[in-house]
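Colleague: What follows is protein_12.cif, mmCIF, C-alpha atoms.
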```cif
data_final
#
loop_
_atom_site.label_atom_id
_atom_site.label_comp_id
_atom_site.auth_asym_id
_atom_site.auth_seq_id
_atom_site.Cartn_x
_atom_site.Cartn_y
_atom_site.Cartn_z
CA GLN A 782 53.51 28.67 133.79
CA ALA A 783 54.09 31.71 135.98
CA LEU A 784 57.82 31.08 135.63
CA LEU A 785 57.51 30.98 131.84
CA SER A 786 55.61 34.25 131.93
CA VAL A 787 58.36 35.88 133.99
CA VAL A 788 61.05 34.53 131.65
CA GLY A 789 59.09 35.82 128.67
CA ILE A 790 58.79 39.29 130.18
CA ILE A 791 62.52 39.33 130.91
CA LEU A 792 63.29 38.31 127.32
CA VAL A 793 61.02 41.03 125.94
CA ILE A 794 62.62 43.67 128.18
CA THR A 795 66.12 42.48 127.31
CA PHE A 796 65.40 42.41 123.58
CA GLY A 797 63.79 45.86 123.77
CA ALA A 798 66.75 47.24 125.70
CA MET A 799 69.16 45.82 123.11
CA ILE A 800 67.21 47.48 120.30
CA SER A 801 67.04 50.73 122.26
CA LEU A 802 70.77 50.66 122.97
CA ARG A 803 71.55 50.00 119.32
CA SER A 804 69.26 52.84 118.21
CA VAL A 805 71.07 55.21 120.59
CA ALA A 806 74.58 53.84 120.15
CA LYS A 807 74.73 54.63 116.41
CA PRO A 808 73.73 58.30 116.73
CA ILE A 809 76.11 58.73 119.67
CA LYS A 810 78.96 57.27 117.64
CA GLU A 811 78.12 59.53 114.68
CA LEU A 812 77.97 62.53 117.01
CA THR A 813 81.32 61.60 118.57
CA ASN A 814 82.96 61.21 115.15
CA SER A 815 81.55 64.51 113.92
CA ALA A 816 82.65 66.33 117.07
CA LYS A 817 86.17 65.02 116.56
CA ALA A 818 86.16 66.07 112.89
CA VAL A 819 84.93 69.57 113.78
CA SER A 820 87.58 69.91 116.50
CA GLU A 821 90.20 69.15 113.81
CA GLY A 822 88.85 71.94 111.59
CA ASP A 823 86.36 70.15 109.35
CA LEU A 824 83.41 72.52 109.58
CA GLN A 825 81.65 70.82 106.67
CA ASN A 826 80.91 67.79 108.81
CA ARG A 827 77.32 67.37 110.00
CA VAL A 828 75.39 64.77 111.99
CA PRO A 829 72.34 63.01 110.46
CA GLU A 830 69.30 64.45 112.19
CA ASP A 831 67.51 61.16 112.86
CA GLY A 832 67.18 58.62 115.67
CA PRO A 833 65.12 58.80 118.87
CA GLY A 834 63.58 62.14 119.85
CA GLU A 835 66.31 63.26 122.27
CA MET A 836 69.11 62.17 119.93
CA LYS A 837 67.48 63.99 117.01
CA GLU A 838 67.27 67.18 119.06
CA LEU A 839 70.90 66.74 120.10
CA ALA A 840 71.94 66.27 116.46
CA GLU A 841 70.02 69.39 115.41
CA SER A 842 71.64 71.43 118.20
CA PHE A 843 75.09 70.16 117.22
CA ASN A 844 74.56 71.04 113.56
CA ASN A 845 73.26 74.50 114.48
CA MET A 846 76.35 75.06 116.59
CA VAL A 847 78.65 74.03 113.74
CA ASP A 848 76.70 76.29 111.35
CA ALA A 849 77.25 79.21 113.72
CA ILE A 850 80.98 78.44 113.94
CA GLN A 851 81.17 78.21 110.14
CA ASP A 852 79.42 81.57 109.73
CA TYR A 853 81.74 83.18 112.28
CA ARG A 854 84.84 81.83 110.55
CA ASP A 855 83.56 82.97 107.15
CA SER A 856 82.95 86.42 108.61
CA LEU A 857 86.49 86.56 109.99
CA GLU A 858 87.93 85.48 106.63
CA ASP A 859 85.91 88.18 104.84
CA LYS A 860 87.13 90.83 107.29
CA GLN A 861 90.70 89.60 106.87
CA LYS A 862 90.41 89.95 103.09
CA GLU A 863 88.93 93.44 103.45
CA LEU A 864 91.78 94.41 105.77
CA GLU A 865 94.41 93.05 103.38
CA THR A 866 92.80 94.89 100.46
CA SER A 867 92.60 98.10 102.50
CA LEU A 868 96.28 97.80 103.47
CA GLU A 869 97.27 97.28 99.84
CA ILE A 870 95.32 100.39 98.82
CA ARG A 871 96.87 102.46 101.63
CA GLU A 872 100.37 101.30 100.63
CA GLN A 873 99.64 102.22 97.02
CA GLU A 874 98.38 105.65 98.07
CA PHE A 875 101.46 106.21 100.24
CA THR A 876 103.68 105.34 97.27
CA GLN A 877 101.74 107.72 95.01
CA ILE A 878 101.99 110.58 97.50
CA ASN A 879 105.74 110.01 97.69
CA GLN A 880 105.92 110.04 93.91
CA ALA A 881 104.14 113.39 93.85
CA ALA A 882 106.46 114.71 96.57
CA GLU A 883 109.52 113.73 94.52
CA LEU A 884 108.24 115.94 91.69
CA ILE A 885 108.70 119.00 93.90
CA THR A 886 112.48 118.92 93.51
CA ALA A 887 112.62 117.04 90.21
CA GLY A 888 113.78 118.71 87.03
CA GLY A 889 111.43 119.86 84.31
CA GLY A 890 108.85 122.58 83.90
CA LEU A 891 105.65 123.11 85.85
CA ALA A 892 103.37 121.79 83.08
CA GLU A 893 105.41 118.58 82.90
CA LYS A 894 105.32 118.06 86.67
CA LEU A 895 101.58 118.68 86.85
CA SER A 896 100.96 116.28 83.96
CA GLU A 897 102.93 113.58 85.80
CA THR A 898 100.88 114.28 88.91
CA LEU A 899 97.68 113.73 86.92
CA GLN A 900 99.11 110.39 85.78
CA ILE A 901 99.69 109.43 89.43
CA ILE A 902 96.10 110.35 90.30
CA ARG A 903 94.88 108.40 87.28
CA GLU A 904 96.42 105.19 88.70
CA ALA A 905 94.34 105.62 91.86
CA TYR A 906 91.03 106.88 90.50
CA ASP A 907 90.79 105.74 86.89
CA TYR A 908 89.15 108.96 85.71
CA GLN A 909 88.38 109.76 82.06
CA THR A 910 89.64 113.33 82.12
CA ALA A 911 91.45 115.48 84.67
CA SER A 912 92.78 119.03 84.63
CA ILE A 913 94.72 121.32 86.91
CA LEU A 914 93.59 124.94 86.65
CA LEU A 915 95.62 127.79 88.13
CA VAL A 916 94.01 130.85 89.66
CA GLY A 917 95.04 134.02 87.84
CA GLU A 918 94.09 137.66 88.09
CA ASN A 919 90.48 138.36 89.01
CA ASP A 920 90.14 134.65 89.93
CA TYR A 921 90.37 133.62 86.29
CA LEU A 922 91.07 129.87 85.99
CA MET A 923 93.88 129.10 83.56
CA PRO A 924 94.52 125.53 82.31
CA ALA A 925 97.96 124.32 83.39
CA ALA A 926 97.78 120.57 82.69
CA ARG A 927 95.27 118.11 81.28
CA PHE A 928 95.07 114.35 80.85
CA SER A 929 92.32 112.46 79.02
CA GLU A 930 91.64 108.80 78.31
CA SER A 931 88.70 109.36 75.97
CA HIS A 932 87.73 111.35 72.91
CA ARG A 933 84.28 111.96 74.41
CA THR A 934 84.19 114.93 76.74
CA ILE A 935 81.79 115.89 79.48
CA ASN A 936 80.14 119.27 79.05
CA PRO A 937 83.17 121.67 79.22
CA ALA A 938 81.03 124.65 80.19
CA LYS A 939 79.47 122.71 83.09
CA SER A 940 82.88 121.48 84.23
CA ARG A 941 84.19 125.04 84.30
CA LEU A 942 81.17 126.18 86.29
CA ILE A 943 81.81 123.44 88.85
CA ALA A 944 85.46 124.52 89.09
CA MET A 945 84.42 128.15 89.58
CA GLN A 946 81.94 127.16 92.28
CA ALA A 947 84.64 125.20 94.14
CA LEU A 948 86.86 128.28 93.95
CA GLU A 949 84.19 130.73 95.12
CA ASP A 950 82.83 128.51 97.92
CA ASN A 951 86.24 127.10 98.91
CA VAL A 952 84.82 123.56 99.11
CA ASP A 953 85.22 120.19 97.45
CA ILE A 954 82.40 119.51 95.00
CA GLN A 955 81.13 116.29 93.44
CA PHE A 956 78.40 116.79 90.87
CA GLU A 957 76.40 114.25 88.85
CA MET A 958 74.75 115.22 85.57
CA GLU A 959 72.78 113.50 82.85
CA ALA A 960 75.03 112.18 80.09
CA GLU A 961 74.27 112.87 76.45
CA GLU A 962 74.39 109.13 75.71
CA GLY A 963 72.19 108.19 78.66
CA GLY A 964 73.11 107.47 82.23
CA LYS A 965 75.09 109.92 84.34
CA ASP A 966 78.52 111.54 84.35
CA THR A 967 80.39 112.78 87.42
CA ILE A 968 82.43 115.94 87.80
CA SER A 969 84.57 116.57 90.90
CA ALA A 970 86.46 119.76 91.77
CA TYR A 971 89.01 120.08 94.59
CA PRO A 972 90.59 123.40 95.61
CA ILE A 973 94.39 123.41 95.66
CA ARG A 974 95.37 125.42 98.73
CA PHE A 975 98.69 126.90 99.78
CA ARG A 976 98.79 128.66 103.17
CA ASN A 977 94.99 128.90 103.23
CA GLU A 978 94.90 130.54 99.80
CA ILE A 979 93.36 128.77 96.82
CA ILE A 980 95.92 128.79 94.02
CA GLY A 981 94.29 126.24 91.73
CA ILE A 982 91.58 123.64 91.15
CA LEU A 983 91.92 119.92 90.50
CA LEU A 984 89.09 118.99 88.14
CA MET A 985 88.24 115.32 87.52
CA GLU A 986 85.60 113.77 85.25
CA TRP A 987 84.18 110.24 85.10
CA PHE A 988 81.74 108.56 82.74
CA GLY A 989 79.19 107.13 85.17
CA GLU A 990 78.34 107.64 88.83
CA ILE A 991 81.30 107.76 91.21
CA SER A 992 81.22 107.78 95.00
CA LEU A 993 84.46 108.50 96.90
CA ASP A 994 84.67 107.43 100.54
CA GLU A 995 86.31 109.46 103.32
CA THR A 996 89.67 107.73 102.89
CA GLN A 997 89.74 108.49 99.18
CA GLN A 998 88.78 112.09 99.90
CA ALA A 999 91.63 112.35 102.41
CA PHE A 1000 94.06 110.92 99.86
CA LEU A 1001 92.98 113.51 97.29
CA SER A 1002 93.42 116.27 99.87
CA ALA A 1003 96.97 115.07 100.51
CA LEU A 1004 97.68 115.07 96.78
CA THR A 1005 96.30 118.59 96.32
CA ARG A 1006 98.68 119.78 99.04
CA GLN A 1007 101.57 118.22 97.13
CA ILE A 1008 100.35 119.90 93.93
CA ALA A 1009 100.25 123.24 95.76
CA VAL A 1010 103.88 122.88 96.83
CA ILE A 1011 104.88 121.93 93.26
CA ILE A 1012 103.16 125.06 91.93
CA GLU A 1013 104.66 127.41 94.53
CA ASN A 1014 108.12 125.89 94.16
CA ALA A 1015 107.97 126.44 90.40
CA ARG A 1016 106.92 130.08 90.90
CA LEU A 1017 109.90 130.72 93.15
CA GLN A 1018 112.40 129.39 90.63
#
```
Rewrite the structure of this file - the entire thing - as structure tokens.

Modeller:
Amino acid sequence: QALLSVVGIILVITFGAMISLRSVAKPIKELTNSAKAVSEGDLQNRVPEDGPGEMKELAESFNNMVDAIQDYRDSLEDKQKELETSLEIREQEFTQINQAAELITAGGGLAEKLSETLQIIREAYDYQTASILLVGENDYLMPAARFSESHRTINPAKSRLIAMQALEDNVDIQFEMEAEEGGKDTISAYPIRFRNEIIGILLMEWFGEISLDETQQAFLSALTRQIAVIIENARLQ
């Protein structure tokens, strides 16, 4: 009878061990398969978070690790897209600056060259209206070129005041004002300088709120320098 008891205990232990091994073997196999899939680039693969306590914790840790890798890769892809977009914009701006530079020696009158320059700026900034004003006697601003994409105009008197302020203060100005039809309009004025002297103002108007970053501001500064050379070159001819 004692022998039967011992045999029974052994059978119970053996049977329990077999069940325990099976309950652990399946999660381990799933974890191994998932780890292989992830190593091959499948970051969508996850391990079922079940099984014995330790295996469940291991599965949760594995899934958290894969989630972190997925987030990191997504972040890298987003930054790569931003970089590619930024490079495309910089290449476009470089092309536009070259186009403006070619106008310096191109044929045609000053008004025609300045109008073409406004078209180049339009491609980059999609404004509604833009003007180039030349500084005359007693700092009087004279219209030299204008381009408009809309019949609706922003308050002309306010636009001229902004241009005069940019001339007097020798600074770039971006001003937002209440629109007649609701919302806001934006007026920007950029001094056109030649040898530290303001010889004109680039005036741009948008329907809506516009915010230009530092790179866009730098691009506009480069264009105003090209405009200044176009103006001075025309005066010397």

Colleague: Apply the PyMOL selection byres ((chain A and resi 957) around 8) to the structure shown and report the selected residues as a VMD selection string.

Modeller: chain A and resid 955 to 956 958 to 959 965 to 968 990

Colleague: Run the PyMOL selection byres ((chain A and resi 863-874) around 10) against the file shown and list the residues it catches, as a list in words.

Modeller: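 For this structure, the PyMOL selection byres ((chain A and resi 863-874) around 10) captures Leu857, Glu858, Asp859, Lys860, Gln861, Lys862, Phe875, Thr876, Gln877, Ile878, Asn879, Gln880, Ile901, Ile902, Glu904, Ala905, Thr996, Gln997, Phe1000, Leu1001, Ala1003 and Leu1004 of chain A.
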
Colleague: Give me a file of those residues, with C-alpha atoms, as a PDB file, in the frame of the given file.

Modeller:
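What landed in part19.pdb:
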```pdb
ATOM      1  CA  LEU A 857      86.490  86.560 109.990  1.00  0.00           C
ATOM      2  CA  GLU A 858      87.930  85.480 106.630  1.00  0.00           C
ATOM      3  CA  ASP A 859      85.910  88.180 104.840  1.00  0.00           C
ATOM      4  CA  LYS A 860      87.130  90.830 107.290  1.00  0.00           C
ATOM      5  CA  GLN A 861      90.700  89.600 106.870  1.00  0.00           C
ATOM      6  CA  LYS A 862      90.410  89.950 103.090  1.00  0.00           C
ATOM      7  CA  PHE A 875     101.460 106.210 100.240  1.00  0.00           C
ATOM      8  CA  THR A 876     103.680 105.340  97.270  1.00  0.00           C
ATOM      9  CA  GLN A 877     101.740 107.720  95.010  1.00  0.00           C
ATOM     10  CA  ILE A 878     101.990 110.580  97.500  1.00  0.00           C
ATOM     11  CA  ASN A 879     105.740 110.010  97.690  1.00  0.00           C
ATOM     12  CA  GLN A 880     105.920 110.040  93.910  1.00  0.00           C
ATOM     13  CA  ILE A 901      99.690 109.430  89.430  1.00  0.00           C
ATOM     14  CA  ILE A 902      96.100 110.350  90.300  1.00  0.00           C
ATOM     15  CA  GLU A 904      96.420 105.190  88.700  1.00  0.00           C
ATOM     16  CA  ALA A 905      94.340 105.620  91.860  1.00  0.00           C
ATOM     17  CA  THR A 996      89.670 107.730 102.890  1.00  0.00           C
ATOM     18  CA  GLN A 997      89.740 108.490  99.180  1.00  0.00           C
ATOM     19  CA  PHE A1000      94.060 110.920  99.860  1.00  0.00           C
ATOM     20  CA  LEU A1001      92.980 113.510  97.290  1.00  0.00           C
ATOM     21  CA  ALA A1003      96.970 115.070 100.510  1.00  0.00           C
ATOM     22  CA  LEU A1004      97.680 115.070  96.780  1.00  0.00           C
TER      23      LEU A1004
END
```

Colleague: Which residue is closest to Met923 (chain A)? Choose from A:Asp848, A:Val952, A:Leu884, A:Leu983 and count all atoms listed in the file.

Modeller: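 So, comparing all the options, the nearest one is A:Leu983.
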
Colleague: When the PyMOL selection byres ((chain A and resi 976) around 12) is applied to the structure above, which residues does it catch, written out as a PyMOL selection string?

Modeller: chain A and resi 973-975+977-980+1006+1009-1010+1013

Colleague: Smallest atom-to-atom distance to Ala1015 (chain A): which of A:Lys810, A:Lys894, A:Lys837, A:Arg903, using all atoms listed in the file?

Modeller: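 Among the listed residues, the smallest separation from Ala1015 (chain A) belongs to A:Lys894.
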
Colleague: Can you work out which one of A:Asn844, A:Ile1012, A:Asp907, A:Arg854 has the shortest atom-to-atom distance to Ala926 (chain A), counting only C-alpha atoms?

Modeller: A:Ile1012

Colleague: Between CA of Val828 (chain A) and CA of Ala840 (chain A), what is the spacing in Å?

Modeller: 5.8 Å

Colleague: Return as AutoDock Vina command-line options the box centre and box size in Å, one decimal, for an axis-aligned box around all listed atoms of region 873-888 of chain A padded by 4 Å per side.

Modeller:
```
--center_x 106.1 --center_y 110.6 --center_z 93.6 --size_x 23.4 --size_y 24.8 --size_z 21.2
```

Colleague: Give the answer as one residue: which of A:Phe928, A:Gln909, A:Gly889, A:Leu984 has the shortest atom-to-atom distance to Ser940 (chain A), using only C-alpha atoms?

Modeller: A:Leu984

Colleague: Find, counting only C-alpha atoms, the residue in A:Ser815, A:Leu899, A:Glu930, A:Val847 that gets nearest to Thr1005 (chain A).

Modeller: A:Leu899

Colleague: Between A:Glu821, A:Glu995, A:Asp953, A:Glu986, which has the minimum distance to Tyr971 (chain A) (counting all atoms listed in the file)?

Modeller: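 When distances to Tyr971 (chain A) are compared using all atoms listed in the file, the smallest one comes from A:Asp953.
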
Colleague: Report, in Å with one decimal, the straight-line distance from CA of Leu891 (chain A) to CA of Ala944 (chain A).

Modeller: 20.5 Å

Colleague: To one decimal place in Å, what is the distance between CA of Ala960 (chain A) and CA of Ile943 (chain A)?

Modeller: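 So the answer is 15.8 Å.
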
Colleague: Identify, on the basis of only C-alpha atoms, every residue whose closest approach to Tyr921 (chain A) does not exceed 10 Å; exclude the query and any residue fewer than 5 positions from it along the same chain; express the result as a list of chain:residue names.

Modeller: A:Leu914, A:Leu915, A:Val916, A:Met945, A:Leu948, A:Gly981
